[in-house]
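Take a look at the structure set out below.
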Amino acid sequence: MKQALEMQSLFVRRKEIFAFWTMAIFLGSIIFVSKLYAAPKPAQPEISVSFDRQSFIAGEPFQLEISVAAQGQGEPKISLPSFEGMKVLRKNVSRPSSGYSFSMSFGTGKNSQRVIKSAGTTRYDIVMVAQKLGKYNIGPVKVVLDGYTFTGKTYPIEVFERGTASAAPTDAAAATKGGLTEEQLEGARLESDYFLHMIPSKRTCSVGEMVVLDVYLFTSVSNIRADQFEKEPGTEGFWVERFEDFDLRNHRNQQVVVNGVLYEQAILKKLALFPLKSGKLTIAPPVFSFVVGGGGFMGFSRGKMVKRAASPVSIDVQPLPSDGRPSQFVDTNVGRYNLFVDTNEKSLKVGEPITVTVSVRGQGNIRNVELPVFQEVDDFKMYAPETDVEVQARGGSVSGMSQSRTLFIPEAEGKLTIPSLSWSYFDLVSKSYKTLKSDAMTINVAAGKPATQMAPLQSGSNAQGGEASFQKGPITRMNAKMRTIVDGVDTSTKHDYLFVQGWYLGLVFGTPALYLLFLLAMHARKRSVLNSQKGRSKRAEATAQKALHQLQKESDSSESSSLGSMSNDQFFSKLHKIVLMFLEHRLAQNVVGDTMGQLAARLGNRGIHENQVQKIIAALEEYEFARFAKSGSEKGQRQSEVARASEIISKIAKVVLEPLPTTKKEGIQ
Amino acid sequence: MTVKWLVAVAACASLFSFSTPMMAASLDVMFEEANAEFGEGNYEVVIDMYTRLEKLGVHSPALFYNRATSEARVGNLGRAIQYYEKVLAISPLDENTVYNLKVIRDHIARRANQQGRDADLAPAAGPWRAVLDRFTPMSASASFLVVYLLFFVALICRGYLKGEWIRLTIGVTAGILFAVSICMGAVLLGKRYQVLNAKEAVVVSVENDLRPVYEGLSSTVKRFDLEEGSRVQIIEQKNGWFKIRDDQGRDGWVKRQTLGRI
């Protein structure tokens with residue numbers, strides 16, 4: 001029984017042991033399999049934190065960039081720190097949608113491939129401000145990836161009061177990047193809304209060394225359009241190349257904080273400048289205009305036109321060193337270059353042309369490079385070279401090729417040599433002068449037609465008519481560009497100018513003299529007319545009395561005449577006329593044609609008494625009536641009328657008349 | 001005795017009357033010969049012949065232009081600029097002269113730049129100079145004379161005409177003509193001065209492409225340098241020295257032979 005019990009307990013223990021091991025093996029298998037297919041621990045994500053500055057000032061916003069580059073099966077879960085004591089003004093997240101990859105494969109062992117689900121960088125641009133002074137801890141950033149948690153560093157920063165800020169702690173300082181340095185902002189005309197600023201790639205350089213100038217618009221306002229330069233940057237003293245690949249559409253605006261204000265930084269222009277001389281060269285400020293706002297409902301709002309000018313930028317251009325300067329060096333040959341000299345033919349006949357090509361290739365102000373030239377070459381006739389330049393300004397550098405093609409015509413047969421060329425440039429990398437030398441070329445020339453019998457070939461010398469063959473040198477090259485003399489003959493002298501000729505001077509000085517004579521004649525004529533009028537006025541009474549006497553005499557004689565007596569009409573008409581003529585002469589005014597009213601007014605205006613005026617008017621009216629009377633007047637009546645007229649004339653003649661009005665000239669002309 | 005004198009006077013008069021056209025013909029021949037020498041490339045000879053023509057009184061744009069071009073051929077760039085400037089004083093719009101002058105000035109500027117200097121030889125033309133440069137002596141003379149005579153004609157017409165409105169109109173016209181004739185007179189005088197009595201000169205003689213300008217007469221204190229071909233105003237002349245003023249308003253003294261009057 002006891003044995004049976006022992007056996008039974010042994011059996012149970014064995015079952016337990018079996019069950020235990022079975023369970024253990026099962027669990028071990030599960031663990032093995034799960035371990036086999038479980039995700040491996042992902043690589044430590046790269047967590048970086050950067051600040052846009054080194055000093056932090058209370059109340060002044062600053063920019064923080066957090067980037068997490070992770071690679072794992074799942075997407076990383078990023079926990080940003082709480083930024084206690086800070087106020088977050090803006091937070092932008094850029095997730096790496098295009099940067100993530102997805103691939104999967106199955107297998108075991110060494111040939112198995114891990115499942116990679118995602119890889120990329122997530123960026124946070126955070127603008128925040130610390131309101132209070134003191135020390136803050138930025139971080140840590142926590143990343144959970146594939147179940148694993150990774151923790152980044154903590155960056156302590158200290159916030160100072162404005163004006164007392166000192167350098168930030170080392171960790172934050174090391175992380176600082178992306179903002180604008182003080183040198184870049186030097187001289188910026190800062191404004192709170194928008195400002196224009198030029199940033200050169202360097203402020204000190206050598207003659208001929210490239211400086212890249214960027215022109216930026218900084219704006220804290222978002223809605224801007226219709227941008228254009230009203231004035232381009234003034235680049236006097238520089239040779240300018242434009243980058244052919246510069247396209248505003250390819251540039252993304254950046255956010256920067258300048259003096260506590262958050263701006264969008266937009267690049268407007270990018271130029272390559274090559275200083276042509278040493279000294280302090282100033283880039284004159286550009287002016288940029290743009291429209292702020294506008295659009296609105298149906299686009300009715302026009303917005304506000306704004307102009308901004310940048311501050312001028314000075315570049316300190318150092319002269320090239322004098323040590324080791326080759327004698328033939330010219331200041332425009334600065335950069336990194338290679339020299340190539342080649343010809344299209346090595347064997348030809350006398351009189352046949354060959355072209356020797358000299359080219360310089362490399363980086364620098366290639367357009368202004370002065371190419372080496374051949375001096376006089378024995379047994380060759382040379383023509384002016386044709387030059388050609390190809391420039392590629394892209395990717396922030398300027399390179400290309402400058403080439404000259406010179407036409408050579410051999411004038412003798414045999415093995416002729418085109419000598420080697422040496423050319424110097426200043427190497428900006430080694431900061432030294434380098435001289436390149438080409439190989440001399442041997443040309444096999446066979447007998448042929450002499451060059452002098454050939455038709456004119458090309459260019460250069462043609463402009464100079466029948467001049468001698470072309471010679472080298474800068475003066476000759478200059479003369480090749482110039483126009484030649486005029487064939488015409490002109491041997492005129494200073495005496496041929498109009499303004500020194502007698503007839504011209506006679507006309508100039510004689511004309512005013514003639515006009516003066518004309519004025520004098522006019523004056524004399526006027527005086528004569530006036531004198532005549534005055535004389536008539538003085539003689540008016542005598543003339544009138546004489547006429548009256550003559551009339552009386554005619555009237556008397558006509559009565560005794562057999563031809564018949566003078567009619568009333570004739571007598572009174574003449575009497576009327578004598579009185580009117582007297583008045584006209586006396587007044588020196590034309591009275592013929594006046595109505596009686598006008599005549600009375602005229603007489604009154606000249607100071608004749610009203611009674612006298614009435615008498616004159618009455619007499620004249622009576623003469624008018626008497627002319628048309630049916631019965632003839634008697635001799636006595638006519639005599640009394642003549643006497644009456646004589647009396648009126650005598651009295652009027654004694655009146656001192658008022659002068660004629662000066663405003664309107666009348667009278668007898 | 002009286003008859004002899006009369007014959008002598010008549011002979012002199014006839015000689016004089018014949019000598020002028022004969023001299024003109026010889027000048028023409030010399031001019032043509034000089035042009036032909038230019039074609040042969042004998043520039044020194046050409047310059048000598050043109051100089052003789054100038055000394056014989058020839059004062060023509062063609063002579064000055066050809067002389068300037070010959071001077072450029074032998075590398076006398078200052079002298080070339082001087083003579084091109086002389087052409088422009090007479091014929092300011094001459095296309096060939098303007099073109100060649102620019103080529104030479106560009107060459108000098110380039111040469112100066114290569115030596116680390118800034119040289120802009122194109123003279124800064126003030127408004128008065130710009131006005132003068134629009135007229136030739138002929139056009140200035142003719143324009144002035146026409147306006148001037150029209151002014152007097154208007155005055156005379158006004159004296160004869162009686163209508164109030166027409167007198168007013170002619171009076172206003174005469175006033176305008178008077179103002180214009182004053183302006184044209186000033187232009188004419190300016191042009192006359194520019195052509196016959198100019199006090200402008202060009203640096204024609206240099207040492208190492210530059211002409212030093214000194215502080216005082218015979219001084220050794222250098223104030224500044226002028227590039228070859230720079231245009232200056234002559235302010236004063238003393239003991240073989242000129243006091244000059246350049247385009248930037250700087251004054252100084254230079255030796256007389258280093259300048260060529262325009």
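Letters for chains follow the order of the structure tokens (A, B, ...), residue numbers begin at 1 for each chain, and ligand numbers begin at 1 in the order shown.
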Check your understanding: Which residues in region 352-561 of chain A does DSSP call helix (DSSP H, G or I)? List them as a PyMOL selection string.
Key -> chain A and resi 366-368+451-453+460-464+474-481+494-496+498-500+502-560
Contacts of chain A with chain B up to 8 Å, shortest pair per row, only C-alpha atoms, as a tab-separated table:
```
residue	atom	partner	partner_atom	distance
A:Leu276	CA	B:Asn113	CA	6.7
A:Lys277	CA	B:Gly116	CA	5.0
A:Ser278	CA	B:Gly116	CA	6.2
A:Pro319	CA	B:Gly116	CA	7.7
A:Val330	CA	B:Gln114	CA	5.7
A:Asp331	CA	B:Gln114	CA	5.1
A:Thr332	CA	B:Gln114	CA	7.0
A:Gln464	CA	B:Gly39	CA	7.7
A:Gly465	CA	B:Gly39	CA	6.5
A:Gly466	CA	B:Gly39	CA	5.5
A:Glu467	CA	B:Gly39	CA	5.4
A:Ala468	CA	B:Gly41	CA	6.2
A:Ile475	CA	B:Gly75	CA	6.2
A:Thr476	CA	B:Arg73	CA	7.3
A:Met478	CA	B:His107	CA	6.8
A:Asn479	CA	B:Arg73	CA	6.3
A:Lys481	CA	B:Val103	CA	7.2
A:Met482	CA	B:Asn100	CA	5.4
A:Arg483	CA	B:Asn100	CA	6.4
A:Thr484	CA	B:Thr69	CA	6.7
A:Ile485	CA	B:Asn66	CA	4.9
A:Val486	CA	B:Asn66	CA	6.6
A:Asp487	CA	B:Asn35	CA	6.5
A:Gly488	CA	B:Ala62	CA	7.3
A:Val489	CA	B:Phe31	CA	6.2
A:Asp490	CA	B:Ala62	CA	5.9
A:Thr491	CA	B:Val58	CA	5.2
A:Ser492	CA	B:Ser60	CA	5.4
A:Thr493	CA	B:His59	CA	4.5
A:Lys494	CA	B:His59	CA	5.7
A:Tyr497	CA	B:Pro137	CA	6.8
A:Leu498	CA	B:Ser141	CA	6.3
A:Phe499	CA	B:Ser141	CA	6.0
A:Val508	CA	B:Leu145	CA	7.1
A:Thr511	CA	B:Leu149	CA	7.4
A:Pro512	CA	B:Phe152	CA	7.6
A:Tyr515	CA	B:Phe152	CA	7.1
```
**Study point:** Those of region 39-230 of chain B in DSSP strand (DSSP E), formatted as a ChimeraX atom specification
**Key:** /B:200-203,210-214,222-227
Check your understanding: Do you know which residues are at most 12 Å from Arg308 (chain A) counting only C-alpha atoms, after dropping those on the same chain fewer than 2 positions away, and could you put them as a ChimeraX atom specification?
Key -> /A:188-191,193-197,215-219,227-231,285-291,305-306,310-311
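What separates CA of Lys270 (chain A) from CA of Gly395 (chain A) is a distance of 10.8 Å.
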Point to revise | Contacts of Lys87 (chain A) at 12 Å (only C-alpha atoms; same-chain gap of 3+ positions) as an MDAnalysis selection string | key: chainID A and resid 58:63 82:84 90:91 126:132
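Residues with any atom within 9 Å of Glu215 (chain B), counting only C-alpha atoms and excluding same-chain neighbours fewer than 4 positions away, are Ser219, Thr220, Val221, Lys222, Arg223, Phe224, Asp251, Gly252 and Trp253 of chain B.
Computed from the coordinates, the CA of Arg250 (chain B) to CA of Thr235 (chain A) distance equals 25.5 Å.
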Leu168 (chain B): which residues within 9 Å, counting only C-alpha atoms, same-chain residues fewer than 5 positions away excluded, as a short mmCIF file (atom, residue, chain, number, x, y, z; two decimals) with all heavy atoms, in the first residue's frame?
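Contents of the output file result-v4.cif:
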```cif
data_model
loop_
_atom_site.label_atom_id
_atom_site.label_comp_id
_atom_site.auth_asym_id
_atom_site.auth_seq_id
_atom_site.Cartn_x
_atom_site.Cartn_y
_atom_site.Cartn_z
N ARG B 158 3.80 145.46 -86.26
CA ARG B 158 2.94 145.96 -85.18
C ARG B 158 2.75 147.47 -85.31
O ARG B 158 1.69 148.01 -85.02
CB ARG B 158 3.58 145.63 -83.84
CG ARG B 158 2.67 145.89 -82.67
CD ARG B 158 3.29 145.39 -81.37
NE ARG B 158 2.42 145.71 -80.26
CZ ARG B 158 2.42 146.86 -79.63
NH1 ARG B 158 3.26 147.81 -79.99
NH2 ARG B 158 1.57 147.08 -78.62
N GLY B 163 -5.64 146.93 -86.01
CA GLY B 163 -6.59 146.16 -85.20
C GLY B 163 -6.03 145.84 -83.82
O GLY B 163 -4.85 145.52 -83.68
N THR B 173 3.83 137.80 -80.01
CA THR B 173 4.77 137.06 -80.87
C THR B 173 6.15 137.72 -80.83
O THR B 173 7.18 137.04 -80.72
CB THR B 173 4.26 137.03 -82.32
OG1 THR B 173 2.93 136.56 -82.29
CG2 THR B 173 5.11 136.15 -83.20
#
```
Practice item. Find the residues near region 374-378 of chain A: any atom within 12 Å, counting only C-alpha atoms, skip ones fewer than 2 places away on the same chain, and give them as a ChimeraX atom specification. Key: /A:341,356-358,371-372,380-385,404-413,415-423,438,440-441,469-474,476
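Among A:Tyr148, A:Phe426, A:Phe582, A:Phe329, the residue with the shortest atom-to-atom distance to Thr543 (chain A), counting only C-alpha atoms, is A:Phe582.
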